[in-house]
file final_26.cif (mmCIF, C-alpha atoms)
data_input
loop_
_atom_site.label_atom_id
_atom_site.label_comp_id
_atom_site.auth_asym_id
_atom_site.auth_seq_id
_atom_site.Cartn_x
_atom_site.Cartn_y
_atom_site.Cartn_z
CA MET A 1 33.46 35.46 89.93
CA GLU A 2 35.30 35.96 86.68
CA SER A 3 36.57 33.39 84.24
CA ILE A 4 40.33 33.02 84.08
CA GLY A 5 40.19 33.97 80.40
CA ARG A 6 39.26 37.52 81.39
CA LEU A 7 42.29 37.71 83.66
CA MET A 8 44.90 36.70 81.05
CA PRO A 9 47.78 39.15 81.00
CA ALA A 10 49.18 40.73 77.88
CA GLY A 11 52.73 40.18 79.13
CA PRO A 12 55.28 37.36 78.84
CA SER A 13 54.18 33.95 77.67
CA ASP A 14 55.58 30.48 77.06
CA ARG A 15 55.79 29.79 73.32
CA SER A 16 58.07 26.79 73.68
CA VAL A 17 57.74 23.42 71.99
CA HIS A 18 56.24 20.79 74.30
CA ARG A 19 57.22 17.15 73.76
CA GLY A 20 58.02 17.74 70.11
CA ALA A 21 54.65 19.28 69.20
CA ARG A 22 53.78 22.95 68.92
CA ARG A 23 51.44 24.12 71.62
CA LYS A 24 48.06 25.21 70.35
CA SER A 25 47.69 28.01 72.89
CA THR A 26 50.09 30.49 74.44
CA ARG A 27 50.75 29.76 78.14
CA PHE A 28 50.74 32.63 80.61
CA PRO A 29 52.47 32.35 84.00
CA ILE A 30 49.46 33.05 86.20
CA HIS A 31 49.83 31.88 89.79
CA GLY A 32 47.11 31.36 92.34
CA GLU A 33 45.63 29.02 94.91
CA VAL A 34 43.35 26.24 93.65
CA ARG A 35 40.62 24.34 95.44
CA VAL A 36 39.00 21.42 93.62
CA THR A 37 35.37 21.22 94.75
CA ALA A 38 34.01 18.27 92.73
CA PRO A 39 34.01 15.34 92.23
CA LEU A 40 36.69 15.18 94.94
CA ALA A 41 38.34 17.60 97.31
CA ALA A 42 41.91 18.71 96.60
CA GLU A 43 44.05 21.80 96.99
CA GLY A 44 47.03 23.18 95.18
CA PHE A 45 48.34 25.91 92.92
CA LEU A 46 47.76 27.24 89.44
CA LEU A 47 51.08 27.25 87.54
CA ASN A 48 50.00 28.63 84.17
CA ALA A 49 46.94 29.21 82.03
CA SER A 50 46.03 29.44 78.36
CA THR A 51 42.84 29.86 76.40
CA GLY A 52 42.66 26.06 76.27
CA GLY A 53 43.23 25.13 79.89
CA LEU A 54 45.31 25.16 83.04
CA ARG A 55 48.40 23.53 84.48
CA LEU A 56 47.95 22.74 88.16
CA ALA A 57 49.96 21.32 91.05
CA LEU A 58 47.63 19.37 93.37
CA ASP A 59 48.02 17.64 96.72
CA ARG A 60 46.36 14.40 95.58
CA PRO A 61 46.07 12.35 92.40
CA VAL A 62 43.25 12.69 89.90
CA GLU A 63 42.46 10.39 86.99
CA VAL A 64 42.86 11.31 83.34
CA GLY A 65 39.38 11.95 82.00
CA ALA A 66 38.01 13.21 85.32
CA ARG A 67 35.84 16.32 85.03
CA LEU A 68 36.80 18.75 87.78
CA GLU A 69 35.14 21.83 89.18
CA LEU A 70 37.51 24.24 90.86
CA GLU A 71 37.90 27.64 92.40
CA VAL A 72 41.01 29.70 91.75
CA ARG A 73 42.06 32.66 93.88
CA PHE A 74 44.70 35.09 92.61
CA ASP A 75 44.40 37.69 95.32
CA GLU A 76 41.64 39.23 97.40
CA ARG A 77 39.98 40.76 94.31
CA HIS A 78 40.31 38.01 91.71
CA GLU A 79 38.57 34.67 92.00
CA ALA A 80 37.36 32.35 89.27
CA ARG A 81 35.31 29.18 89.00
CA GLU A 82 36.32 26.81 86.24
CA ARG A 83 35.35 23.39 84.94
CA GLY A 84 37.57 21.13 82.94
CA GLU A 85 38.71 17.67 81.99
CA VAL A 86 42.02 16.19 83.15
CA VAL A 87 44.07 15.40 80.02
CA TRP A 88 47.32 14.37 81.71
CA THR A 89 48.76 13.89 85.17
CA ARG A 90 52.23 13.20 86.47
CA GLU A 91 53.42 12.37 89.97
CA HIS A 92 55.90 14.90 91.33
CA PRO A 93 57.93 14.82 94.60
CA ASP A 94 55.61 17.45 96.13
CA GLY A 95 52.29 16.13 94.75
CA TRP A 96 50.84 15.80 91.26
CA LEU A 97 51.07 17.97 88.16
CA VAL A 98 47.82 18.10 86.19
CA GLY A 99 46.88 19.36 82.74
CA LEU A 100 43.25 20.50 82.61
CA ARG A 101 41.37 21.35 79.39
CA PHE A 102 38.50 23.80 79.89
CA ALA A 103 35.08 22.19 79.57
CA ALA A 104 32.68 23.55 76.97
CA PRO A 105 29.95 25.70 78.55
CA GLU A 106 26.72 23.84 79.12
#
call {"tool": "encode", "arguments": {"input": "final_26.cif", "output": "structure tokens"}}
result
Amino acid sequence: MESIGRLMPAGPSDRSVHRGARRKSTRFPIHGEVRVTAPLAAEGFLLNASTGGLRLALDRPVEVGARLELEVRFDERHEARERGEVVWTREHPDGWLVGLRFAAPE
């Protein structure tokens, strides 16, 4: 499996200001199915990605600070395994929005 970083497009991005602070990384609208495999089981969707992390929509809550392992599937040819730390979460009518910062390689 590839890392999401290798799948980043060169196309449109989100360079907006977020909550009054400039974003450190350009967001790319990459969409795919997500399956959290540890430390809990959850499913959802990838909404966007940057070199720093991912924005996810999940079917269950996760705690800020949790270190997640997940699998992302873009289509039949592109899958990725990622690890990251939850830096923010927000309840949404259809589930939970989650900001995940990529974990440093071990």
call {"tool": "atom_distance", "arguments": {"input": "final_26.cif", "atom1": "CA of Gly65 in chain A", "atom2": "CA of Asp94 in chain A"}}
result
22.2 Å
call {"tool": "residues_near_point", "arguments": {"input": "final_26.cif", "point": "(39.7, 30.2, 92.4)", "cutoff": "12 Å", "atoms": "only C-alpha atoms", "output": "MDAnalysis selection string"}}
result
chainID A and resid 1:4 7 30:37 43:46 56 69:83
call {"tool": "closest_residue", "arguments": {"input": "final_26.cif", "among": "A:Val87, A:Ala103, A:Thr51, A:Ala42", "to": "Phe28 in chain A", "atoms": "all atoms listed in the file"}}
result
A:Thr51
call {"tool": "atom_distance", "arguments": {"input": "final_26.cif", "atom1": "CA of Pro61 in chain A", "atom2": "CA of Ala104 in chain A"}}
result
23.3 Å
call {"tool": "atom_distance", "arguments": {"input": "final_26.cif", "atom1": "CA of Asn48 in chain A", "atom2": "CA of Pro29 in chain A"}}
result
4.5 Å
call {"tool": "resolve_selection", "arguments": {"input": "final_26.cif", "expression": "the PyMOL selection byres ((chain A and resi 95) around 6)", "output": "ChimeraX atom specification"}}
result
/A:58-59,92-94,96
call {"tool": "resolve_selection", "arguments": {"input": "final_26.cif", "expression": "the PyMOL selection byres ((chain A and resi 52) around 10)", "output": "PyMOL selection string"}}
result
chain A and resi 5+24-27+49-51+53-54+84+100-103
call {"tool": "axis_aligned_box", "arguments": {"input": "final_26.cif", "around": "range 41-51 of chain A", "padding_each_side": "4 Å", "output": "AutoDock Vina command-line options"}}
result
--center_x 44.7 --center_y 23.7 --center_z 86.9 --size_x 20.7 --size_y 20.3 --size_z 28.9
call {"tool": "resolve_selection", "arguments": {"input": "final_26.cif", "expression": "the PyMOL selection byres ((chain A and resi 63) around 12)", "output": "JSON, numbers by chain"}}
result
{"A": [39, 40, 60, 61, 62, 64, 65, 66, 67, 68, 85, 86, 87, 88, 89, 90, 91, 96, 97, 98, 99, 100]}
call {"tool": "build_atoms", "arguments": {"input": "final_26.cif", "residues": "range 65-79 of chain A", "atoms": "N, CA and C atoms", "output": "short mmCIF file (atom, residue, chain, number, x, y, z; two decimals), keeping the file's coordinate frame"}}
result
data_model
loop_
_atom_site.label_atom_id
_atom_site.label_comp_id
_atom_site.auth_asym_id
_atom_site.auth_seq_id
_atom_site.Cartn_x
_atom_site.Cartn_y
_atom_site.Cartn_z
N GLY A 65 40.77 12.05 82.39
CA GLY A 65 39.38 11.95 82.00
C GLY A 65 38.41 12.48 83.04
N ALA A 66 38.88 12.67 84.27
CA ALA A 66 38.01 13.21 85.32
C ALA A 66 37.60 14.63 84.97
N ARG A 67 36.35 14.96 85.25
CA ARG A 67 35.84 16.32 85.03
C ARG A 67 35.81 17.02 86.38
N LEU A 68 36.65 18.05 86.51
CA LEU A 68 36.80 18.75 87.78
C LEU A 68 36.10 20.10 87.78
N GLU A 69 35.63 20.47 88.94
CA GLU A 69 35.14 21.83 89.18
C GLU A 69 36.10 22.42 90.20
N LEU A 70 36.54 23.65 89.94
CA LEU A 70 37.51 24.24 90.86
C LEU A 70 37.32 25.73 91.01
N GLU A 71 37.87 26.21 92.11
CA GLU A 71 37.90 27.64 92.40
C GLU A 71 39.36 28.06 92.43
N VAL A 72 39.65 29.19 91.80
CA VAL A 72 41.01 29.70 91.75
C VAL A 72 41.00 31.10 92.37
N ARG A 73 41.96 31.35 93.24
CA ARG A 73 42.06 32.66 93.88
C ARG A 73 43.44 33.24 93.58
N PHE A 74 43.45 34.42 92.97
CA PHE A 74 44.70 35.09 92.61
C PHE A 74 45.12 36.06 93.69
N ASP A 75 44.18 36.77 94.21
CA ASP A 75 44.40 37.69 95.32
C ASP A 75 43.02 37.98 95.89
N GLU A 76 42.92 38.95 96.75
CA GLU A 76 41.64 39.23 97.40
C GLU A 76 40.56 39.71 96.43
N ARG A 77 40.96 40.21 95.26
CA ARG A 77 39.98 40.76 94.31
C ARG A 77 39.66 39.84 93.15
N HIS A 78 40.49 38.84 92.89
CA HIS A 78 40.31 38.01 91.71
C HIS A 78 40.10 36.55 92.07
N GLU A 79 38.90 36.07 91.83
CA GLU A 79 38.57 34.67 92.00
C GLU A 79 37.87 34.20 90.75
#
